[in-house]
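This report refers to the structure that appears directly beneath it.
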Amino acid sequence: MLLQAKLLRVIQQREFERVGGNELIKTNVRIISATNRDLKIAVEEKQFREDLFYRLNSFPIFIPPLRQRRADILVLAEHFLEEFNKKLGKHIKGFSKKALKLMYEYDWPGNIREMENTIERCIIICDKDIIDDEDLPTHLRSENKSGNIDYSGNMFSDDTIVPFEKIKEESIRHALKVTKGNIVEAAKKLQLGRATIYRLMEKYSIENRSFE
């Protein structure tokens, strides 16, 4: 808390003194801060200064967890594959379909850091030119607990063709109905990013208030 008070002074008065010095130094900087903690809760629990919170919170940017933006999972996997190939001197070409499916369906509670560590581990132990499902950690290969549904059944009658746009619209309406208008939960069940949900809701003139 003492350090937070000092930081607040720098932000408000734009001046500070070096450790062990007595010269007042003026500064003019732009501060970009990041955290994986809920600072509002930290403020309520007296672990974070309220005045500092509002000073830093002038332009907040919320980045959803990886499980809410699954489209990024495969892109990040390819990025880390390329990065660690160079770092470790390996020449692994990619991932098998099974490995990609498991990574896509996994919720990644540790977000990007967990994925980065997982890909590095896979590259270290992989003795082939493709990372297979057997190279993934055990907890990724265990039974999927994310509540996925079996969609192998026939969704359409033999003589009916449903426009693709209508299928997307009805999928979003059904997800909002099931989740009682909870957009975050609906996005998770549809395996879409929250921004995508908002964009499609606007496109199809869907208001979540009607599902609450």
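Chain labels follow the order of the structure tokens: the first chain is A, the next B, and so on; residue numbering restarts at 1 in every chain, and ligands are counted from 1 in their shown order.
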Would you list the contacts of Leu81 of chain A as an MDAnalysis selection string, taking every protein, DNA or RNA residue within 8 Å and counting only C-alpha atoms, but skipping same-chain residues closer than 3 positions in sequence?
-> chainID A and resid 77:78 84:85 92 94 119:120 123
N, CA and C atoms of the current selection, written as a compact mmCIF listing (two decimals), in the first residue's frame:
```txt
# COMPACT_ATOMS: atom_id res chain seq x y z
N ALA A 77 -1.52 -21.07 -31.27
CA ALA A 77 -0.77 -22.33 -31.29
C ALA A 77 0.28 -22.31 -32.40
N GLU A 78 -0.09 -21.82 -33.58
CA GLU A 78 0.86 -21.73 -34.69
C GLU A 78 1.97 -20.72 -34.38
N PHE A 84 8.95 -21.39 -30.70
CA PHE A 84 9.76 -22.37 -29.98
C PHE A 84 10.55 -23.28 -30.92
N ASN A 85 10.12 -23.40 -32.15
CA ASN A 85 10.96 -24.09 -33.14
C ASN A 85 12.29 -23.37 -33.28
N ILE A 92 9.46 -28.82 -36.22
CA ILE A 92 8.13 -29.43 -36.19
C ILE A 92 7.20 -28.63 -37.09
N GLY A 94 3.76 -28.88 -37.57
CA GLY A 94 2.41 -28.49 -37.17
C GLY A 94 1.80 -29.45 -36.18
N ILE A 119 2.74 -25.62 -25.38
CA ILE A 119 3.35 -25.79 -26.70
C ILE A 119 4.86 -26.04 -26.57
N GLU A 120 5.51 -25.30 -25.67
CA GLU A 120 6.95 -25.50 -25.46
C GLU A 120 7.22 -26.92 -24.99
N ILE A 123 6.85 -29.42 -27.89
CA ILE A 123 7.96 -29.38 -28.84
C ILE A 123 9.19 -30.08 -28.27
```
Write out as a PyMOL selection string all residues of chain A that DSSP puts in alpha helix (DSSP H) for this structure's backbone.
-> chain A and resi 2-13+39-44+50-56+71-88+97-105+111-125+138-141+164-178+183-190+194-203
Could you write out the selected residues, including C-alpha atoms, as a compact mmCIF listing (two decimals), in the first residue's frame?
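Resulting contents of result-v4.txt:
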```
# COMPACT_ATOMS: atom_id res chain seq x y z
CA LEU A 2 2.92 2.36 0.70
CA LEU A 3 4.29 1.82 -2.80
CA GLN A 4 0.82 2.46 -4.24
CA ALA A 5 0.75 5.85 -2.50
CA LYS A 6 4.11 6.74 -4.04
CA LEU A 7 2.94 5.67 -7.48
CA LEU A 8 -0.22 7.76 -7.09
CA ARG A 9 1.91 10.81 -6.32
CA VAL A 10 3.93 10.28 -9.52
CA ILE A 11 0.73 10.05 -11.57
CA GLN A 12 -0.98 13.04 -9.98
CA GLN A 13 1.93 15.44 -9.49
CA LEU A 39 -9.19 -4.67 -8.86
CA LYS A 40 -12.71 -3.66 -7.80
CA ILE A 41 -12.74 -6.61 -5.43
CA ALA A 42 -9.19 -5.74 -4.30
CA VAL A 43 -10.40 -2.20 -3.50
CA GLU A 44 -13.33 -3.58 -1.47
CA GLU A 50 -9.38 3.26 -4.53
CA ASP A 51 -7.90 6.58 -5.67
CA LEU A 52 -5.11 4.78 -7.54
CA PHE A 53 -7.64 2.42 -9.13
CA TYR A 54 -9.64 5.29 -10.61
CA ARG A 55 -6.46 7.02 -11.73
CA LEU A 56 -5.36 3.95 -13.68
CA ALA A 71 -10.88 -18.52 -32.76
CA ASP A 72 -7.57 -17.25 -31.33
CA ILE A 73 -6.49 -20.65 -30.00
CA LEU A 74 -5.28 -22.12 -33.28
CA VAL A 75 -3.65 -18.85 -34.35
CA LEU A 76 -1.73 -18.66 -31.07
CA ALA A 77 -0.77 -22.33 -31.29
CA GLU A 78 0.86 -21.73 -34.69
CA HIS A 79 2.60 -18.62 -33.34
CA PHE A 80 4.11 -20.44 -30.36
CA LEU A 81 5.06 -23.39 -32.59
CA GLU A 82 7.09 -21.07 -34.81
CA GLU A 83 8.60 -19.25 -31.82
CA PHE A 84 9.76 -22.37 -29.98
CA ASN A 85 10.96 -24.09 -33.14
CA LYS A 86 13.45 -21.24 -33.50
CA LYS A 87 14.29 -21.16 -29.79
CA LEU A 88 14.80 -24.92 -29.42
CA LYS A 97 -6.15 -32.95 -36.29
CA LYS A 98 -6.68 -34.72 -32.95
CA ALA A 99 -4.24 -32.41 -31.18
CA LEU A 100 -5.85 -29.31 -32.70
CA LYS A 101 -9.32 -30.52 -31.69
CA LEU A 102 -8.23 -31.12 -28.09
CA MET A 103 -6.56 -27.73 -27.85
CA TYR A 104 -9.59 -26.02 -29.37
CA GLU A 105 -12.02 -27.67 -26.94
CA ASN A 111 -4.97 -18.49 -20.57
CA ILE A 112 -2.11 -17.66 -22.96
CA ARG A 113 0.66 -18.40 -20.43
CA GLU A 114 -0.66 -21.95 -20.03
CA MET A 115 -0.84 -22.39 -23.80
CA GLU A 116 2.70 -21.04 -24.26
CA ASN A 117 4.09 -23.47 -21.67
CA THR A 118 2.07 -26.35 -23.14
CA ILE A 119 3.35 -25.79 -26.70
CA GLU A 120 6.95 -25.50 -25.46
CA ARG A 121 6.59 -28.78 -23.54
CA CYS A 122 5.12 -30.51 -26.61
CA ILE A 123 7.96 -29.38 -28.84
CA ILE A 124 10.56 -30.57 -26.31
CA ILE A 125 9.15 -34.09 -26.03
CA THR A 138 -2.69 -35.66 -19.70
CA HIS A 139 -5.28 -33.15 -18.52
CA LEU A 140 -5.83 -31.98 -22.12
CA ARG A 141 -6.34 -35.54 -23.29
CA PHE A 164 -27.23 -20.46 -43.43
CA GLU A 165 -27.83 -16.95 -42.07
CA LYS A 166 -31.08 -18.16 -40.51
CA ILE A 167 -29.25 -21.01 -38.80
CA LYS A 168 -26.78 -18.56 -37.25
CA GLU A 169 -29.55 -16.24 -36.11
CA GLU A 170 -31.57 -19.03 -34.53
CA SER A 171 -28.44 -20.46 -32.85
CA ILE A 172 -27.79 -17.12 -31.17
CA ARG A 173 -31.44 -16.71 -30.14
CA HIS A 174 -31.50 -20.23 -28.69
CA ALA A 175 -28.22 -19.70 -26.79
CA LEU A 176 -29.53 -16.44 -25.28
CA LYS A 177 -32.77 -18.16 -24.35
CA VAL A 178 -30.96 -21.02 -22.61
CA ILE A 183 -24.09 -12.92 -23.40
CA VAL A 184 -20.81 -14.15 -21.90
CA GLU A 185 -22.28 -17.59 -21.17
CA ALA A 186 -23.99 -17.71 -24.57
CA ALA A 187 -20.70 -16.89 -26.30
CA LYS A 188 -18.99 -19.68 -24.35
CA LYS A 189 -21.60 -22.26 -25.34
CA LEU A 190 -21.46 -21.17 -28.98
CA ARG A 194 -18.09 -11.96 -27.10
CA ALA A 195 -17.39 -9.26 -29.70
CA THR A 196 -18.65 -11.64 -32.41
CA ILE A 197 -21.85 -12.25 -30.45
CA TYR A 198 -22.49 -8.51 -30.16
CA ARG A 199 -21.82 -8.00 -33.87
CA LEU A 200 -24.20 -10.78 -34.90
CA MET A 201 -26.87 -9.62 -32.44
CA GLU A 202 -26.74 -6.19 -34.04
CA LYS A 203 -26.84 -7.73 -37.52
```
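Separating atom CA of Ser142 of chain A from atom CA of Tyr106 of chain A is a distance of 9.9 Å.
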For each of A:His91, A:Met1, A:Arg18, A:Ile63, take the minimum atom-to-atom distance to Phe48 of chain A, counting only C-alpha atoms, then give the residue where this is smallest.
->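 Of the candidates, the smallest distance to Phe48 of chain A is held by A:Met1.
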